[in-house]
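Asker: Contents of data-v1.pdb (PDB, C-alpha atoms) are below:
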```pdb
ATOM      1  CA  MET A   8      30.078 -62.621 -42.113
ATOM      2  CA  LEU A   9      32.653 -60.370 -43.767
ATOM      3  CA  LEU A  10      32.045 -57.705 -41.106
ATOM      4  CA  LEU A  11      32.646 -60.299 -38.392
ATOM      5  CA  VAL A  12      35.975 -61.296 -39.967
ATOM      6  CA  ALA A  13      37.020 -57.663 -40.472
ATOM      7  CA  CYS A  14      36.134 -56.696 -36.885
ATOM      8  CA  GLY A  15      37.990 -59.743 -35.587
ATOM      9  CA  ALA A  16      41.082 -58.901 -37.649
ATOM     10  CA  ILE A  17      41.052 -55.284 -36.472
ATOM     11  CA  ALA A  18      40.597 -56.353 -32.850
ATOM     12  CA  TRP A  19      43.453 -58.875 -33.134
ATOM     13  CA  GLU A  20      45.776 -56.285 -34.686
ATOM     14  CA  ALA A  21      44.795 -53.750 -32.009
ATOM     15  CA  ILE A  22      45.653 -56.231 -29.255
ATOM     16  CA  MET A  23      49.039 -56.938 -30.866
ATOM     17  CA  ARG A  24      49.728 -53.214 -31.245
ATOM     18  CA  LEU A  25      48.699 -52.479 -27.658
ATOM     19  CA  ALA A  26      51.215 -55.079 -26.491
ATOM     20  CA  SER A  27      53.988 -53.403 -28.485
ATOM     21  CA  PRO A  28      52.895 -50.009 -29.888
ATOM     22  CA  PRO A  29      54.731 -49.077 -33.092
ATOM     23  CA  VAL A  30      55.598 -45.492 -33.952
ATOM     24  CA  VAL A  31      52.527 -43.920 -35.542
ATOM     25  CA  ALA A  32      52.495 -41.024 -38.023
ATOM     26  CA  GLY A  33      49.991 -38.951 -36.050
ATOM     27  CA  ALA A  34      49.859 -36.184 -38.665
ATOM     28  CA  THR A  35      48.889 -38.724 -41.348
ATOM     29  CA  VAL A  36      46.221 -40.155 -39.037
ATOM     30  CA  MET A  37      44.877 -36.627 -38.538
ATOM     31  CA  GLY A  38      44.870 -35.927 -42.293
ATOM     32  CA  VAL A  39      43.003 -39.097 -43.200
ATOM     33  CA  ALA A  40      40.525 -38.571 -40.347
ATOM     34  CA  GLY A  41      39.960 -34.981 -41.489
ATOM     35  CA  VAL A  42      39.121 -36.202 -44.995
ATOM     36  CA  GLY A  43      36.749 -38.751 -43.407
ATOM     37  CA  ILE A  44      34.973 -36.018 -41.447
ATOM     38  CA  VAL A  45      34.514 -33.880 -44.550
ATOM     39  CA  LEU A  46      33.330 -36.665 -46.865
ATOM     40  CA  ASN A  47      31.031 -38.300 -44.327
ATOM     41  CA  GLY A  48      29.735 -34.890 -43.264
ATOM     42  CA  ILE A  49      28.898 -33.945 -46.859
ATOM     43  CA  SER A  50      27.227 -37.323 -47.401
ATOM     44  CA  ALA A  51      25.158 -36.899 -44.223
ATOM     45  CA  TRP A  52      24.161 -33.379 -45.244
ATOM     46  CA  LEU A  53      23.053 -34.569 -48.695
ATOM     47  CA  LEU A  54      21.023 -37.421 -47.194
ATOM     48  CA  HIS A  55      19.446 -35.363 -44.421
ATOM     49  CA  GLY A  56      16.944 -33.526 -46.623
ATOM     50  CA  GLY A  57      14.903 -36.584 -47.550
ATOM     51  CA  SER A  58      15.579 -38.649 -44.447
ATOM     52  CA  HIS A  59      12.361 -37.845 -42.605
ATOM     53  CA  GLY A  60       9.987 -39.981 -44.658
ATOM     54  CA  ASP A  61      12.352 -42.590 -46.064
ATOM     55  CA  LEU A  62      13.739 -45.315 -43.805
ATOM     56  CA  ASN A  63      16.629 -46.064 -46.170
ATOM     57  CA  ARG A  64      17.751 -42.440 -46.354
ATOM     58  CA  ARG A  65      17.352 -42.021 -42.606
ATOM     59  CA  SER A  66      19.472 -45.100 -41.973
ATOM     60  CA  ALA A  67      22.149 -43.948 -44.437
ATOM     61  CA  PHE A  68      22.098 -40.443 -42.896
ATOM     62  CA  LEU A  69      22.633 -41.815 -39.396
ATOM     63  CA  HIS A  70      25.346 -44.149 -40.674
ATOM     64  CA  MET A  71      27.260 -41.270 -42.299
ATOM     65  CA  LEU A  72      26.815 -39.134 -39.186
ATOM     66  CA  GLY A  73      28.218 -41.966 -37.064
ATOM     67  CA  ASP A  74      31.174 -42.391 -39.414
ATOM     68  CA  ALA A  75      31.904 -38.656 -39.198
ATOM     69  CA  ALA A  76      31.844 -38.884 -35.388
ATOM     70  CA  ILE A  77      34.240 -41.847 -35.453
ATOM     71  CA  SER A  78      36.555 -39.870 -37.755
ATOM     72  CA  ALA A  79      36.430 -36.973 -35.284
ATOM     73  CA  GLY A  80      37.547 -39.310 -32.515
ATOM     74  CA  VAL A  81      40.392 -40.601 -34.685
ATOM     75  CA  LEU A  82      41.385 -36.991 -35.466
ATOM     76  CA  VAL A  83      41.618 -36.253 -31.745
ATOM     77  CA  SER A  84      43.658 -39.404 -31.097
ATOM     78  CA  GLY A  85      46.005 -38.475 -33.971
ATOM     79  CA  GLY A  86      46.482 -35.031 -32.422
ATOM     80  CA  LEU A  87      47.238 -36.568 -29.049
ATOM     81  CA  ILE A  88      49.755 -38.903 -30.676
ATOM     82  CA  VAL A  89      51.500 -35.930 -32.307
ATOM     83  CA  TYR A  90      51.628 -33.843 -29.121
ATOM     84  CA  THR A  91      52.206 -36.527 -26.484
ATOM     85  CA  GLY A  92      53.803 -39.452 -28.313
ATOM     86  CA  TRP A  93      51.160 -41.826 -26.905
ATOM     87  CA  ASN A  94      51.340 -44.348 -29.754
ATOM     88  CA  TRP A  95      49.039 -46.740 -27.867
ATOM     89  CA  LEU A  96      46.137 -44.440 -28.805
ATOM     90  CA  ASP A  97      46.224 -45.730 -32.396
ATOM     91  CA  PRO A  98      45.285 -49.336 -31.573
ATOM     92  CA  TRP A  99      42.912 -48.139 -28.864
ATOM     93  CA  SER A 100      40.981 -45.930 -31.309
ATOM     94  CA  ALA A 101      40.970 -48.746 -33.893
ATOM     95  CA  SER A 102      39.382 -51.073 -31.348
ATOM     96  CA  ARG A 103      36.732 -48.422 -30.567
ATOM     97  CA  SER A 104      35.917 -48.035 -34.275
ATOM     98  CA  SER A 105      35.658 -51.792 -34.710
ATOM     99  CA  ARG A 106      33.346 -52.008 -31.710
ATOM    100  CA  SER A 107      31.108 -49.304 -33.168
ATOM    101  CA  SER A 108      30.872 -51.162 -36.492
ATOM    102  CA  TRP A 109      29.974 -54.361 -34.683
ATOM    103  CA  ARG A 110      27.194 -52.574 -32.762
ATOM    104  CA  ARG A 111      25.727 -51.327 -36.036
ATOM    105  CA  HIS A 112      25.732 -54.890 -37.333
ATOM    106  CA  GLU A 113      23.934 -56.091 -34.208
ATOM    107  CA  SER A 114      21.339 -53.350 -34.611
ATOM    108  CA  ALA A 115      20.684 -54.343 -38.236
ATOM    109  CA  ALA A 116      20.416 -58.006 -37.225
ATOM    110  CA  ARG A 117      17.823 -57.111 -34.581
ATOM    111  CA  LEU A 118      15.822 -55.249 -37.248
ATOM    112  CA  ASP A 119      15.951 -58.325 -39.496
ATOM    113  CA  GLN A 120      14.757 -60.530 -36.633
ATOM    114  CA  SER A 121      12.018 -58.054 -35.760
ATOM    115  CA  VAL A 122      10.706 -58.023 -39.327
ATOM    116  CA  ALA A 123      10.943 -61.816 -39.599
ATOM    117  CA  GLY A 124       9.247 -62.190 -36.219
ATOM    118  CA  ARG A 125       6.186 -60.368 -37.520
ATOM    119  CA  GLY A 126       5.374 -63.148 -39.939
ATOM    120  CA  ALA A 127       7.597 -62.177 -42.853
ATOM    121  CA  GLU A 128       9.336 -65.539 -43.073
ATOM    122  CA  GLY A 129      12.286 -65.740 -45.405
ATOM    123  CA  VAL A 130      12.800 -61.974 -45.410
ATOM    124  CA  ASN A 131      16.385 -60.787 -45.204
ATOM    125  CA  SER A 132      17.920 -57.328 -45.071
ATOM    126  CA  THR A 133      18.444 -57.258 -48.843
ATOM    127  CA  ALA A 134      14.751 -57.929 -49.397
ATOM    128  CA  VAL A 135      13.730 -55.336 -46.798
ATOM    129  CA  MET A 136      16.047 -52.695 -48.282
ATOM    130  CA  SER A 137      14.883 -53.607 -51.780
ATOM    131  CA  PHE A 138      11.244 -53.302 -50.764
ATOM    132  CA  LEU A 139      11.747 -49.964 -49.031
ATOM    133  CA  SER A 140      13.738 -48.441 -51.889
ATOM    134  CA  GLY A 141      11.373 -49.670 -54.597
ATOM    135  CA  GLN A 142      14.294 -51.224 -56.494
ATOM    136  CA  PRO A 143      14.665 -54.935 -57.327
ATOM    137  CA  ALA A 144      17.182 -56.870 -55.228
TER     138      ALA A 144
END
```
Once more with this new file: its structure as structure tokens, please.

Answerer:
Amino acid sequence: MLLLVACGAIAWEAIMRLASPPVVAGATVMGVAGVGIVLNGISAWLLHGGSHGDLNRRSAFLHMLGDAAISAGVLVSGGLIVYTGWNWLDPWSASRSSRSSWRRHESAARLDQSVAGRGAEGVNSTAVMSFLSGQPA
């Protein structure tokens, strides 16, 4: 539910900013996105080693890889803002990132429904993740 509210708020703000784009500090956008690429890249690299036999690690690895790719897109949009002055790219890239997060949520929901549809009534993602990791929920 929180993801739904956050995606809605980001989408609303993006629409408002597309209507009247404010001046964006493209260099700051590039710096933050660069940090995102590095941190998510390191996280993905650390998770990759054990991701072949562990569904949790594989999921986390793919998530970090996706976040690094989103940061790369934001880095490019920040560079374009710096060199062209196209401030509308900031809300556009925010809406793309929000859309990507929403798609991940939909994918996780389909997994929950798939597991529940196989006779595991009352199972939720916390229980599935708990079961797969061997840790109590």

Asker: So that I can see what lies close to range 24-35 of chain A, please list as a VMD selection string the residues with an atom at most 9 Å from it, counting only C-alpha atoms and leaving out residues fewer than 3 positions away in the same chain.

Answerer: chain A and resid 19 to 21 38 to 40 82 84 to 90 92 to 99

Asker: How far is it from CA of Asp74 in chain A to CA of Val45 in chain A, in Å with one decimal?

Answerer: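 CA of Asp74 in chain A sits 10.5 Å away from CA of Val45 in chain A.
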
Asker: Go through the shown structure with the PyMOL selection byres ((chain A and resi 75) around 8) and write out the matching residues as a CSV table (one decimal) with C-alpha atoms, in the coordinates of the input.

Answerer:
```
chain,number,residue,atom,x,y,z
A,43,GLY,CA,36.7,-38.8,-43.4
A,44,ILE,CA,35.0,-36.0,-41.4
A,45,VAL,CA,34.5,-33.9,-44.6
A,47,ASN,CA,31.0,-38.3,-44.3
A,48,GLY,CA,29.7,-34.9,-43.3
A,71,MET,CA,27.3,-41.3,-42.3
A,72,LEU,CA,26.8,-39.1,-39.2
A,73,GLY,CA,28.2,-42.0,-37.1
A,74,ASP,CA,31.2,-42.4,-39.4
A,76,ALA,CA,31.8,-38.9,-35.4
A,77,ILE,CA,34.2,-41.8,-35.5
A,78,SER,CA,36.6,-39.9,-37.8
A,79,ALA,CA,36.4,-37.0,-35.3
```

Asker: Report, in Å to a single decimal, how far apart CA of His55 in chain A and CA of Leu69 in chain A are.

Answerer: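 These atoms are spaced 8.8 Å apart.
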
Asker: With 4 Å on each side, where is the centre of the axis-aligned box around all listed atoms of range 87-91 of chain A, and how long are its edges in Å to one decimal, as AutoDock Vina command-line options?

Answerer:
```
--center_x 49.7 --center_y -36.4 --center_z -29.4 --size_x 13.0 --size_y 13.1 --size_z 13.8
```

Asker: Just the number, please: distance in Å from CA of Ile49 in chain A to CA of Cys14 in chain A, one decimal.

Answerer: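 Taking CA of Ile49 in chain A and CA of Cys14 in chain A, their separation equals 25.9 Å.
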
Asker: Write out as a list in words each polymer residue whose atoms come within 12 Å of Arg65 in chain A, counting all atoms listed in the file; drop sequence neighbours fewer than 3 positions from it.

Answerer: Ser50, Ala51, Trp52, Leu53, Leu54, His55, Gly56, Gly57, Ser58, His59, Gly60, Asp61, Leu62, Phe68, Leu69, His70, Met71, Leu72, Leu139 and Ser140 of chain A

Asker: How would the residues just chosen look if you wrote them out with C-alpha atoms as an mmCIF file, in the frame of the given file?

Answerer:
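Generated file (part06.cif):
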```cif
data_model
loop_
_atom_site.group_PDB
_atom_site.id
_atom_site.type_symbol
_atom_site.label_atom_id
_atom_site.label_comp_id
_atom_site.auth_asym_id
_atom_site.auth_seq_id
_atom_site.Cartn_x
_atom_site.Cartn_y
_atom_site.Cartn_z
ATOM 1 C CA SER A 50 27.227 -37.323 -47.401
ATOM 2 C CA ALA A 51 25.158 -36.899 -44.223
ATOM 3 C CA TRP A 52 24.161 -33.379 -45.244
ATOM 4 C CA LEU A 53 23.053 -34.569 -48.695
ATOM 5 C CA LEU A 54 21.023 -37.421 -47.194
ATOM 6 C CA HIS A 55 19.446 -35.363 -44.421
ATOM 7 C CA GLY A 56 16.944 -33.526 -46.623
ATOM 8 C CA GLY A 57 14.903 -36.584 -47.550
ATOM 9 C CA SER A 58 15.579 -38.649 -44.447
ATOM 10 C CA HIS A 59 12.361 -37.845 -42.605
ATOM 11 C CA GLY A 60 9.987 -39.981 -44.658
ATOM 12 C CA ASP A 61 12.352 -42.590 -46.064
ATOM 13 C CA LEU A 62 13.739 -45.315 -43.805
ATOM 14 C CA PHE A 68 22.098 -40.443 -42.896
ATOM 15 C CA LEU A 69 22.633 -41.815 -39.396
ATOM 16 C CA HIS A 70 25.346 -44.149 -40.674
ATOM 17 C CA MET A 71 27.260 -41.270 -42.299
ATOM 18 C CA LEU A 72 26.815 -39.134 -39.186
ATOM 19 C CA LEU A 139 11.747 -49.964 -49.031
ATOM 20 C CA SER A 140 13.738 -48.441 -51.889
#
```
